[in-house]
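Source file: final.cif (mmCIF, C-alpha atoms)
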data_query
#
loop_
_atom_site.label_atom_id
_atom_site.label_comp_id
_atom_site.auth_asym_id
_atom_site.auth_seq_id
_atom_site.Cartn_x
_atom_site.Cartn_y
_atom_site.Cartn_z
CA MET A 1 -5.09 -16.72 -0.77
CA THR A 2 -2.40 -14.45 0.62
CA VAL A 3 -3.67 -11.66 2.82
CA LYS A 4 -1.71 -8.62 3.94
CA LEU A 5 -2.00 -6.31 6.87
CA VAL A 6 -1.33 -2.88 5.37
CA VAL A 7 -0.41 0.01 7.63
CA LEU A 8 -0.38 3.59 6.35
CA TYR A 9 1.29 6.01 8.76
CA THR A 10 0.47 9.69 8.55
CA PRO A 11 3.36 12.19 8.87
CA PRO A 12 4.81 12.24 12.40
CA SER A 13 5.43 15.55 14.16
CA ASP A 14 9.02 14.44 14.91
CA PRO A 15 10.24 12.28 12.03
CA ASP A 16 13.62 11.53 13.65
CA ALA A 17 12.01 10.26 16.84
CA PHE A 18 9.50 8.27 14.78
CA GLU A 19 12.24 6.65 12.69
CA LYS A 20 14.24 5.72 15.78
CA HIS A 21 11.22 4.16 17.50
CA TYR A 22 10.16 2.47 14.26
CA ARG A 23 13.59 0.99 13.54
CA GLU A 24 14.61 0.04 17.07
CA VAL A 25 11.30 -1.07 18.57
CA HIS A 26 8.36 -1.35 16.21
CA ALA A 27 9.83 -3.12 13.16
CA PRO A 28 11.56 -5.78 15.33
CA LEU A 29 8.22 -6.44 17.10
CA ALA A 30 6.26 -6.62 13.84
CA THR A 31 8.70 -8.89 12.04
CA ALA A 32 8.54 -11.41 14.91
CA VAL A 33 4.75 -11.91 14.68
CA PRO A 34 4.08 -15.66 14.26
CA GLY A 35 2.99 -16.76 10.80
CA LEU A 36 4.48 -13.73 9.07
CA GLN A 37 5.58 -14.77 5.56
CA ASP A 38 6.90 -11.49 4.26
CA PHE A 39 7.46 -7.95 5.53
CA ALA A 40 7.83 -4.94 3.26
CA ALA A 41 8.04 -1.29 4.23
CA GLY A 42 9.02 2.07 2.88
CA ARG A 43 8.50 5.79 2.89
CA PHE A 44 6.12 7.87 0.81
CA ALA A 45 8.19 10.12 -1.42
CA ALA A 46 5.72 12.01 -3.61
CA ALA A 47 2.07 12.33 -4.59
CA LEU A 48 1.76 11.91 -8.36
CA ASP A 49 -1.81 13.16 -8.53
CA GLY A 50 -1.23 16.71 -7.36
CA GLY A 51 -2.84 15.94 -4.01
CA GLU A 52 -1.47 16.00 -0.50
CA LEU A 53 1.28 13.58 0.61
CA SER A 54 -1.19 12.13 3.11
CA TYR A 55 1.02 9.30 4.29
CA TYR A 56 4.58 9.09 5.51
CA ARG A 57 5.34 5.37 5.80
CA TYR A 58 3.75 2.06 4.96
CA ALA A 59 4.27 -1.49 6.09
CA GLU A 60 2.87 -4.68 4.61
CA LEU A 61 2.77 -7.90 6.62
CA SER A 62 1.92 -10.95 4.52
CA PHE A 63 0.23 -14.09 5.84
CA ALA A 64 -0.83 -17.32 4.15
CA ASP A 65 -4.50 -16.61 4.71
CA GLN A 66 -7.00 -14.79 6.91
CA ALA A 67 -6.76 -17.43 9.65
CA ALA A 68 -2.97 -17.07 9.82
CA LEU A 69 -3.29 -13.29 10.02
CA GLU A 70 -5.83 -13.52 12.84
CA ALA A 71 -3.68 -16.04 14.71
CA GLY A 72 -0.64 -13.80 14.33
CA LEU A 73 -2.45 -10.69 15.53
CA GLY A 74 -4.02 -12.59 18.39
CA SER A 75 -0.70 -14.01 19.63
CA GLU A 76 1.23 -12.46 22.50
CA GLN A 77 3.71 -11.02 19.99
CA GLY A 78 0.85 -9.66 17.88
CA GLN A 79 -0.70 -7.98 20.90
CA LYS A 80 2.65 -6.46 21.87
CA THR A 81 3.03 -5.12 18.35
CA ALA A 82 -0.51 -3.72 18.36
CA GLY A 83 0.18 -2.03 21.69
CA ASP A 84 3.33 -0.44 20.33
CA TYR A 85 1.42 0.64 17.20
CA GLN A 86 -0.84 2.68 19.47
CA GLN A 87 2.29 4.44 20.73
CA ILE A 88 3.99 5.08 17.41
CA ALA A 89 1.18 5.71 14.90
CA PRO A 90 0.40 9.40 14.34
CA PRO A 91 -3.31 10.36 14.41
CA GLY A 92 -5.11 9.43 11.19
CA SER A 93 -2.86 6.45 10.47
CA ARG A 94 -4.76 3.53 8.97
CA MET A 95 -4.63 -0.25 9.20
CA PHE A 96 -6.29 -2.48 6.63
CA VAL A 97 -6.49 -6.10 5.59
CA VAL A 98 -6.11 -6.66 1.86
CA ALA A 99 -6.69 -9.82 -0.19
CA VAL A 100 -3.90 -10.15 -2.72
CA ASP A 101 -5.09 -10.92 -6.29
CA MET B 102 16.89 1.72 -4.32
CA THR B 103 13.62 0.18 -5.45
CA VAL B 104 10.76 2.62 -5.88
CA LYS B 105 7.11 1.76 -6.28
CA LEU B 106 4.20 3.53 -7.82
CA VAL B 107 1.35 2.86 -5.38
CA VAL B 108 -2.24 3.36 -6.49
CA LEU B 109 -5.10 3.39 -3.98
CA TYR B 110 -8.52 3.19 -5.66
CA THR B 111 -11.56 4.42 -3.77
CA PRO B 112 -14.74 2.30 -3.96
CA PRO B 113 -16.31 2.39 -7.45
CA SER B 114 -20.02 3.03 -7.89
CA ASP B 115 -20.27 -0.11 -10.06
CA PRO B 116 -17.78 -2.70 -8.79
CA ASP B 117 -18.58 -5.24 -11.53
CA ALA B 118 -17.92 -2.71 -14.29
CA PHE B 119 -14.77 -1.55 -12.50
CA GLU B 120 -13.44 -5.11 -12.17
CA LYS B 121 -14.13 -5.87 -15.84
CA HIS B 122 -12.38 -2.70 -17.00
CA TYR B 123 -9.53 -3.26 -14.54
CA ARG B 124 -8.97 -6.89 -15.52
CA GLU B 125 -9.48 -6.58 -19.26
CA VAL B 126 -7.99 -3.16 -19.99
CA HIS B 127 -6.16 -1.46 -17.15
CA ALA B 128 -4.04 -4.25 -15.66
CA PRO B 129 -2.79 -5.39 -19.12
CA LEU B 130 -1.77 -1.77 -19.88
CA ALA B 131 -0.04 -1.30 -16.52
CA THR B 132 1.86 -4.57 -16.59
CA ALA B 133 3.32 -3.69 -20.02
CA VAL B 134 4.93 -0.42 -18.85
CA PRO B 135 8.66 -0.54 -19.75
CA GLY B 136 11.03 -1.09 -16.84
CA LEU B 137 8.38 -2.64 -14.61
CA GLN B 138 10.07 -5.17 -12.32
CA ASP B 139 7.13 -6.37 -10.32
CA PHE B 140 3.38 -5.84 -10.21
CA ALA B 141 1.22 -6.59 -7.17
CA ALA B 142 -2.44 -5.84 -6.64
CA GLY B 143 -5.37 -6.74 -4.47
CA ARG B 144 -8.59 -5.68 -2.85
CA PHE B 145 -9.14 -4.03 0.50
CA ALA B 146 -11.08 -6.43 2.68
CA ALA B 147 -11.41 -4.74 6.06
CA ALA B 148 -10.36 -1.76 8.16
CA LEU B 149 -8.75 -3.02 11.36
CA ASP B 150 -8.80 0.35 13.11
CA GLY B 151 -12.54 0.81 13.28
CA GLY B 152 -12.40 3.47 10.57
CA GLU B 153 -13.93 3.62 7.13
CA LEU B 154 -12.87 1.17 4.39
CA SER B 155 -11.62 4.16 2.40
CA TYR B 156 -10.04 2.19 -0.41
CA TYR B 157 -11.26 -0.58 -2.64
CA ARG B 158 -8.20 -1.74 -4.58
CA TYR B 159 -4.48 -1.13 -4.65
CA ALA B 160 -1.75 -1.70 -7.18
CA GLU B 161 2.01 -1.52 -6.72
CA LEU B 162 4.34 -1.15 -9.68
CA SER B 163 8.01 -1.67 -8.79
CA PHE B 164 10.93 -0.12 -10.65
CA ALA B 165 14.69 -0.32 -10.13
CA ASP B 166 14.93 3.36 -9.20
CA GLN B 167 13.33 6.77 -9.63
CA ALA B 168 14.81 7.21 -13.12
CA ALA B 169 13.33 3.89 -14.29
CA LEU B 170 9.93 4.85 -12.87
CA GLU B 171 10.00 8.21 -14.64
CA ALA B 172 11.09 6.61 -17.91
CA GLY B 173 8.31 4.04 -17.62
CA LEU B 174 5.62 6.63 -16.91
CA GLY B 175 6.92 8.89 -19.66
CA SER B 176 6.87 6.14 -22.29
CA GLU B 177 4.02 5.74 -24.78
CA GLN B 178 2.78 2.74 -22.78
CA GLY B 179 3.04 4.72 -19.56
CA GLN B 180 1.01 7.56 -21.04
CA LYS B 181 -1.64 5.13 -22.32
CA THR B 182 -1.86 3.63 -18.85
CA ALA B 183 -2.12 7.07 -17.23
CA GLY B 184 -4.89 8.00 -19.67
CA ASP B 185 -6.80 4.85 -18.82
CA TYR B 186 -6.28 5.53 -15.10
CA GLN B 187 -8.18 8.79 -15.59
CA GLN B 188 -11.07 6.70 -16.96
CA ILE B 189 -11.11 3.97 -14.34
CA ALA B 190 -10.10 5.63 -11.06
CA PRO B 191 -13.05 6.70 -8.88
CA PRO B 192 -12.87 10.22 -7.42
CA GLY B 193 -10.53 10.48 -4.46
CA SER B 194 -8.24 7.69 -5.69
CA ARG B 195 -4.59 8.37 -4.93
CA MET B 196 -1.27 7.77 -6.66
CA PHE B 197 2.04 7.93 -4.79
CA VAL B 198 5.68 7.15 -5.23
CA VAL B 199 7.24 5.24 -2.34
CA ALA B 200 10.88 4.49 -1.62
CA VAL B 201 11.18 0.90 -0.41
CA ASP B 202 13.30 0.45 2.75
#
For the structure just supplied, provide its representation as structure tokens.
Amino acid sequence: MTVKLVVLYTPPSDPDAFEKHYREVHAPLATAVPGLQDFAAGRFAAALDGGELSYYRYAELSFADQAALEAGLGSEQGQKTAGDYQQIAPPGSRMFVVAVD
Amino acid sequence: MTVKLVVLYTPPSDPDAFEKHYREVHAPLATAVPGLQDFAAGRFAAALDGGELSYYRYAELSFADQAALEAGLGSEQGQKTAGDYQQIAPPGSRMFVVAVD
């Protein structure tokens, strides 16, 4: 069963600096995590429910199963990516594992 | 540019009833919205950041562009789906438009 690591970034105080760091450093780290099957990302454009636009960006990293995800995160590349996430993610950003239907 | 409607469901008070409604009524409505190019869904399994598991389920409906998304939501099928969303979505659930990178 495919599992995904889903990251929801809250709005950064300096979007240009965030985008530069994200594009030049963070995305290249994340997409090199071993076992990664698919990477998808994008920007939140609107809230359709009248609520706050709580998030700014998302990323989804797909793995074959929970074991592959854990191996990827536990690898040297995964740890580097996690360390850089601590640098780039604005406060309140979230990171989840989801089980794809 | 692909756009997605992203739905984040908060935990339902009765997960079995939610799953039955979701599987038998809501997902069939959503997947019949005109212009839909791809449908992906799954369940939140864990929070990797030590925070609360704020969401229970997600769904992503992909459209070719913003105009296709608006046409799909504005269609009779889209309105039926939106009406059923009001029935099924637990309080605090969110609905966003995202622009895929």
Could you give me, as JSON lines, every chain A residue with an atom at most 7 Å from chain B, plus its closest atom pair and distance in Å to one decimal, counting all atoms listed in the file, rows ordered by chain then number?
{"residue": "A:Ala41", "atom": "CA", "partner": "B:Asp202", "partner_atom": "CA", "distance": 5.7}
{"residue": "A:Gly42", "atom": "CA", "partner": "B:Val201", "partner_atom": "CA", "distance": 4.1}
{"residue": "A:Arg43", "atom": "CA", "partner": "B:Ala200", "partner_atom": "CA", "distance": 5.3}
{"residue": "A:Phe44", "atom": "CA", "partner": "B:Val199", "partner_atom": "CA", "distance": 4.3}
{"residue": "A:Ala45", "atom": "CA", "partner": "B:Val199", "partner_atom": "CA", "distance": 5.1}
{"residue": "A:Ala46", "atom": "CA", "partner": "B:Val198", "partner_atom": "CA", "distance": 5.1}
{"residue": "A:Ala47", "atom": "CA", "partner": "B:Phe197", "partner_atom": "CA", "distance": 4.4}
{"residue": "A:Leu48", "atom": "CA", "partner": "B:Phe197", "partner_atom": "CA", "distance": 5.4}
{"residue": "A:Asp49", "atom": "CA", "partner": "B:Met196", "partner_atom": "CA", "distance": 5.7}
{"residue": "A:Arg94", "atom": "CA", "partner": "B:Asp150", "partner_atom": "CA", "distance": 6.6}
{"residue": "A:Met95", "atom": "CA", "partner": "B:Leu149", "partner_atom": "CA", "distance": 5.4}
{"residue": "A:Phe96", "atom": "CA", "partner": "B:Ala148", "partner_atom": "CA", "distance": 4.4}
{"residue": "A:Val97", "atom": "CA", "partner": "B:Ala147", "partner_atom": "CA", "distance": 5.1}
{"residue": "A:Val98", "atom": "CA", "partner": "B:Phe145", "partner_atom": "CA", "distance": 4.2}
{"residue": "A:Ala99", "atom": "CA", "partner": "B:Arg144", "partner_atom": "CA", "distance": 5.3}
{"residue": "A:Val100", "atom": "CA", "partner": "B:Gly143", "partner_atom": "CA", "distance": 4.1}
{"residue": "A:Asp101", "atom": "CA", "partner": "B:Gly143", "partner_atom": "CA", "distance": 4.6}
### Query
Got a sec: who's within 10 Å of Tyr22 (chain A), counting all atoms listed in the file, leaving out chain neighbours fewer than 4 positions off, as a list in words?
Asp16, Ala17, Phe18, His26, Ala27, Pro28, Leu29, Ala30, Asp84, Tyr85, Ile88 and Ala89 of chain A
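Interatomic distance, CA of Ala71 (chain A) against CA of Phe39 (chain A): 16.5 Å.
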| said: Need the shell around Val33 (chain A): protein/DNA/RNA residues with any atom at most 10 Å away, counting all atoms listed in the file. Skip same-chain ones fewer than 5 positions apart. Format as number ranges by chain? | reply: A: 28, 61, 69, 71-81
Chain A least-squares fitted onto chain B over all paired Cα atoms, as an mmCIF file with C-alpha atoms, keeping the file's coordinate frame:
data_model
loop_
_atom_site.group_PDB
_atom_site.id
_atom_site.type_symbol
_atom_site.label_atom_id
_atom_site.label_comp_id
_atom_site.auth_asym_id
_atom_site.auth_seq_id
_atom_site.Cartn_x
_atom_site.Cartn_y
_atom_site.Cartn_z
ATOM 1 C CA MET A 1 16.869 1.728 -4.312
ATOM 2 C CA THR A 2 13.610 0.182 -5.455
ATOM 3 C CA VAL A 3 10.768 2.626 -5.883
ATOM 4 C CA LYS A 4 7.102 1.757 -6.267
ATOM 5 C CA LEU A 5 4.189 3.523 -7.817
ATOM 6 C CA VAL A 6 1.346 2.860 -5.379
ATOM 7 C CA VAL A 7 -2.234 3.356 -6.492
ATOM 8 C CA LEU A 8 -5.097 3.383 -3.990
ATOM 9 C CA TYR A 9 -8.513 3.185 -5.647
ATOM 10 C CA THR A 10 -11.552 4.417 -3.774
ATOM 11 C CA PRO A 11 -14.748 2.307 -3.961
ATOM 12 C CA PRO A 12 -16.295 2.379 -7.449
ATOM 13 C CA SER A 13 -20.017 3.017 -7.872
ATOM 14 C CA ASP A 14 -20.272 -0.119 -10.059
ATOM 15 C CA PRO A 15 -17.778 -2.686 -8.780
ATOM 16 C CA ASP A 16 -18.566 -5.236 -11.516
ATOM 17 C CA ALA A 17 -17.932 -2.724 -14.286
ATOM 18 C CA PHE A 18 -14.772 -1.561 -12.507
ATOM 19 C CA GLU A 19 -13.447 -5.115 -12.169
ATOM 20 C CA LYS A 20 -14.128 -5.865 -15.827
ATOM 21 C CA HIS A 21 -12.374 -2.694 -17.003
ATOM 22 C CA TYR A 22 -9.540 -3.261 -14.527
ATOM 23 C CA ARG A 23 -8.962 -6.884 -15.535
ATOM 24 C CA GLU A 24 -9.478 -6.576 -19.282
ATOM 25 C CA VAL A 25 -7.981 -3.159 -20.001
ATOM 26 C CA HIS A 26 -6.157 -1.457 -17.161
ATOM 27 C CA ALA A 27 -4.036 -4.257 -15.658
ATOM 28 C CA PRO A 28 -2.787 -5.391 -19.113
ATOM 29 C CA LEU A 29 -1.773 -1.770 -19.881
ATOM 30 C CA ALA A 30 -0.045 -1.294 -16.521
ATOM 31 C CA THR A 31 1.867 -4.564 -16.597
ATOM 32 C CA ALA A 32 3.317 -3.687 -20.023
ATOM 33 C CA VAL A 33 4.930 -0.415 -18.856
ATOM 34 C CA PRO A 34 8.654 -0.552 -19.752
ATOM 35 C CA GLY A 35 11.028 -1.086 -16.846
ATOM 36 C CA LEU A 36 8.383 -2.645 -14.617
ATOM 37 C CA GLN A 37 10.089 -5.177 -12.317
ATOM 38 C CA ASP A 38 7.134 -6.374 -10.311
ATOM 39 C CA PHE A 39 3.371 -5.838 -10.200
ATOM 40 C CA ALA A 40 1.232 -6.595 -7.167
ATOM 41 C CA ALA A 41 -2.438 -5.841 -6.645
ATOM 42 C CA GLY A 42 -5.352 -6.737 -4.461
ATOM 43 C CA ARG A 43 -8.581 -5.686 -2.854
ATOM 44 C CA PHE A 44 -9.145 -4.017 0.495
ATOM 45 C CA ALA A 45 -11.095 -6.419 2.674
ATOM 46 C CA ALA A 46 -11.427 -4.741 6.072
ATOM 47 C CA ALA A 47 -10.368 -1.763 8.168
ATOM 48 C CA LEU A 48 -8.739 -3.021 11.369
ATOM 49 C CA ASP A 49 -8.795 0.346 13.102
ATOM 50 C CA GLY A 50 -12.542 0.827 13.298
ATOM 51 C CA GLY A 51 -12.410 3.478 10.584
ATOM 52 C CA GLU A 52 -13.937 3.616 7.142
ATOM 53 C CA LEU A 53 -12.873 1.180 4.388
ATOM 54 C CA SER A 54 -11.616 4.174 2.410
ATOM 55 C CA TYR A 55 -10.046 2.192 -0.399
ATOM 56 C CA TYR A 56 -11.254 -0.594 -2.633
ATOM 57 C CA ARG A 57 -8.186 -1.746 -4.573
ATOM 58 C CA TYR A 58 -4.469 -1.144 -4.651
ATOM 59 C CA ALA A 59 -1.745 -1.724 -7.180
ATOM 60 C CA GLU A 60 2.006 -1.527 -6.714
ATOM 61 C CA LEU A 61 4.338 -1.149 -9.686
ATOM 62 C CA SER A 62 7.995 -1.671 -8.796
ATOM 63 C CA PHE A 63 10.923 -0.108 -10.651
ATOM 64 C CA ALA A 64 14.678 -0.307 -10.123
ATOM 65 C CA ASP A 65 14.916 3.352 -9.204
ATOM 66 C CA GLN A 66 13.307 6.762 -9.633
ATOM 67 C CA ALA A 67 14.790 7.206 -13.117
ATOM 68 C CA ALA A 68 13.323 3.890 -14.287
ATOM 69 C CA LEU A 69 9.924 4.844 -12.884
ATOM 70 C CA GLU A 70 9.996 8.215 -14.640
ATOM 71 C CA ALA A 71 11.089 6.605 -17.909
ATOM 72 C CA GLY A 72 8.301 4.045 -17.636
ATOM 73 C CA LEU A 73 5.631 6.638 -16.905
ATOM 74 C CA GLY A 74 6.926 8.887 -19.647
ATOM 75 C CA SER A 75 6.880 6.139 -22.298
ATOM 76 C CA GLU A 76 4.037 5.750 -24.774
ATOM 77 C CA GLN A 77 2.789 2.742 -22.795
ATOM 78 C CA GLY A 78 3.026 4.723 -19.554
ATOM 79 C CA GLN A 79 1.019 7.570 -21.041
ATOM 80 C CA LYS A 80 -1.621 5.145 -22.317
ATOM 81 C CA THR A 81 -1.864 3.631 -18.855
ATOM 82 C CA ALA A 82 -2.120 7.064 -17.230
ATOM 83 C CA GLY A 83 -4.875 8.002 -19.669
ATOM 84 C CA ASP A 84 -6.804 4.858 -18.835
ATOM 85 C CA TYR A 85 -6.273 5.535 -15.110
ATOM 86 C CA GLN A 86 -8.172 8.789 -15.588
ATOM 87 C CA GLN A 87 -11.055 6.714 -16.953
ATOM 88 C CA ILE A 88 -11.104 3.973 -14.345
ATOM 89 C CA ALA A 89 -10.097 5.639 -11.058
ATOM 90 C CA PRO A 90 -13.048 6.699 -8.889
ATOM 91 C CA PRO A 91 -12.875 10.241 -7.435
ATOM 92 C CA GLY A 92 -10.524 10.471 -4.453
ATOM 93 C CA SER A 93 -8.246 7.687 -5.684
ATOM 94 C CA ARG A 94 -4.590 8.372 -4.942
ATOM 95 C CA MET A 95 -1.269 7.759 -6.660
ATOM 96 C CA PHE A 96 2.021 7.915 -4.793
ATOM 97 C CA VAL A 97 5.682 7.129 -5.245
ATOM 98 C CA VAL A 98 7.228 5.239 -2.345
ATOM 99 C CA ALA A 99 10.891 4.475 -1.624
ATOM 100 C CA VAL A 100 11.166 0.903 -0.415
ATOM 101 C CA ASP A 101 13.304 0.468 2.746
#
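Rounded to one decimal, CA of Gln86 (chain A) and CA of Pro112 (chain B) lie 27.2 Å from each other.
Here CA of Tyr110 (chain B) is placed at a distance of 25.9 Å from CA of Leu36 (chain A).
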For region 87-97 of chain A, supply all heavy atoms and report the output as a short mmCIF file (atom, residue, chain, number, x, y, z; two decimals), in the frame of the given file.
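Generated output (result-v2.cif):
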data_model
loop_
_atom_site.label_atom_id
_atom_site.label_comp_id
_atom_site.auth_asym_id
_atom_site.auth_seq_id
_atom_site.Cartn_x
_atom_site.Cartn_y
_atom_site.Cartn_z
N GLN A 87 1.32 3.44 20.30
CA GLN A 87 2.29 4.44 20.73
C GLN A 87 2.90 5.21 19.56
O GLN A 87 3.14 6.41 19.65
CB GLN A 87 3.46 3.77 21.49
CG GLN A 87 3.04 2.97 22.70
CD GLN A 87 2.32 3.82 23.73
OE1 GLN A 87 2.76 4.93 24.04
NE2 GLN A 87 1.20 3.33 24.24
N ILE A 88 3.19 4.48 18.48
CA ILE A 88 3.99 5.08 17.41
C ILE A 88 3.15 5.75 16.31
O ILE A 88 3.60 6.72 15.69
CB ILE A 88 4.95 4.03 16.79
CG1 ILE A 88 6.00 4.71 15.91
CG2 ILE A 88 4.21 2.97 16.00
CD1 ILE A 88 7.04 3.78 15.32
N ALA A 89 1.93 5.25 16.07
CA ALA A 89 1.18 5.71 14.90
C ALA A 89 0.62 7.12 15.09
O ALA A 89 -0.14 7.36 16.03
CB ALA A 89 0.05 4.74 14.59
N PRO A 90 0.98 8.06 14.23
CA PRO A 90 0.40 9.40 14.34
C PRO A 90 -1.12 9.35 14.08
O PRO A 90 -1.60 8.43 13.40
CB PRO A 90 1.12 10.19 13.23
CG PRO A 90 2.39 9.44 12.98
CD PRO A 90 2.01 8.00 13.18
N PRO A 91 -1.86 10.34 14.61
CA PRO A 91 -3.31 10.36 14.41
C PRO A 91 -3.65 10.30 12.91
O PRO A 91 -2.98 10.93 12.10
CB PRO A 91 -3.72 11.72 15.00
CG PRO A 91 -2.63 12.07 15.97
CD PRO A 91 -1.37 11.47 15.41
N GLY A 92 -4.68 9.55 12.58
CA GLY A 92 -5.11 9.43 11.19
C GLY A 92 -4.45 8.28 10.45
O GLY A 92 -4.81 8.01 9.30
N SER A 93 -3.47 7.62 11.09
CA SER A 93 -2.86 6.45 10.47
C SER A 93 -3.93 5.38 10.28
O SER A 93 -4.91 5.33 11.02
CB SER A 93 -1.73 5.90 11.35
OG SER A 93 -0.69 6.87 11.48
N ARG A 94 -3.74 4.53 9.28
CA ARG A 94 -4.76 3.53 8.97
C ARG A 94 -4.18 2.12 8.95
O ARG A 94 -2.99 1.95 8.66
CB ARG A 94 -5.39 3.83 7.58
CG ARG A 94 -6.07 5.17 7.45
CD ARG A 94 -7.21 5.38 8.46
NE ARG A 94 -8.11 4.25 8.58
CZ ARG A 94 -9.21 4.08 7.82
NH1 ARG A 94 -9.52 4.97 6.91
NH2 ARG A 94 -10.00 3.04 8.00
N MET A 95 -5.03 1.15 9.21
CA MET A 95 -4.63 -0.25 9.20
C MET A 95 -5.72 -1.07 8.52
O MET A 95 -6.87 -1.06 8.96
CB MET A 95 -4.40 -0.74 10.63
CG MET A 95 -3.72 -2.08 10.70
SD MET A 95 -3.65 -2.71 12.39
CE MET A 95 -2.53 -1.55 13.14
N PHE A 96 -5.34 -1.73 7.45
CA PHE A 96 -6.29 -2.48 6.63
C PHE A 96 -5.84 -3.92 6.44
O PHE A 96 -4.65 -4.22 6.52
CB PHE A 96 -6.40 -1.86 5.23
CG PHE A 96 -6.91 -0.46 5.20
CD1 PHE A 96 -6.05 0.61 4.95
CD2 PHE A 96 -8.26 -0.19 5.37
CE1 PHE A 96 -6.52 1.91 4.89
CE2 PHE A 96 -8.74 1.12 5.31
CZ PHE A 96 -7.87 2.17 5.07
N VAL A 97 -6.79 -4.78 6.14
CA VAL A 97 -6.49 -6.10 5.59
C VAL A 97 -6.79 -6.07 4.10
O VAL A 97 -7.85 -5.55 3.70
CB VAL A 97 -7.35 -7.20 6.26
CG1 VAL A 97 -7.06 -8.56 5.62
CG2 VAL A 97 -7.08 -7.25 7.75
#
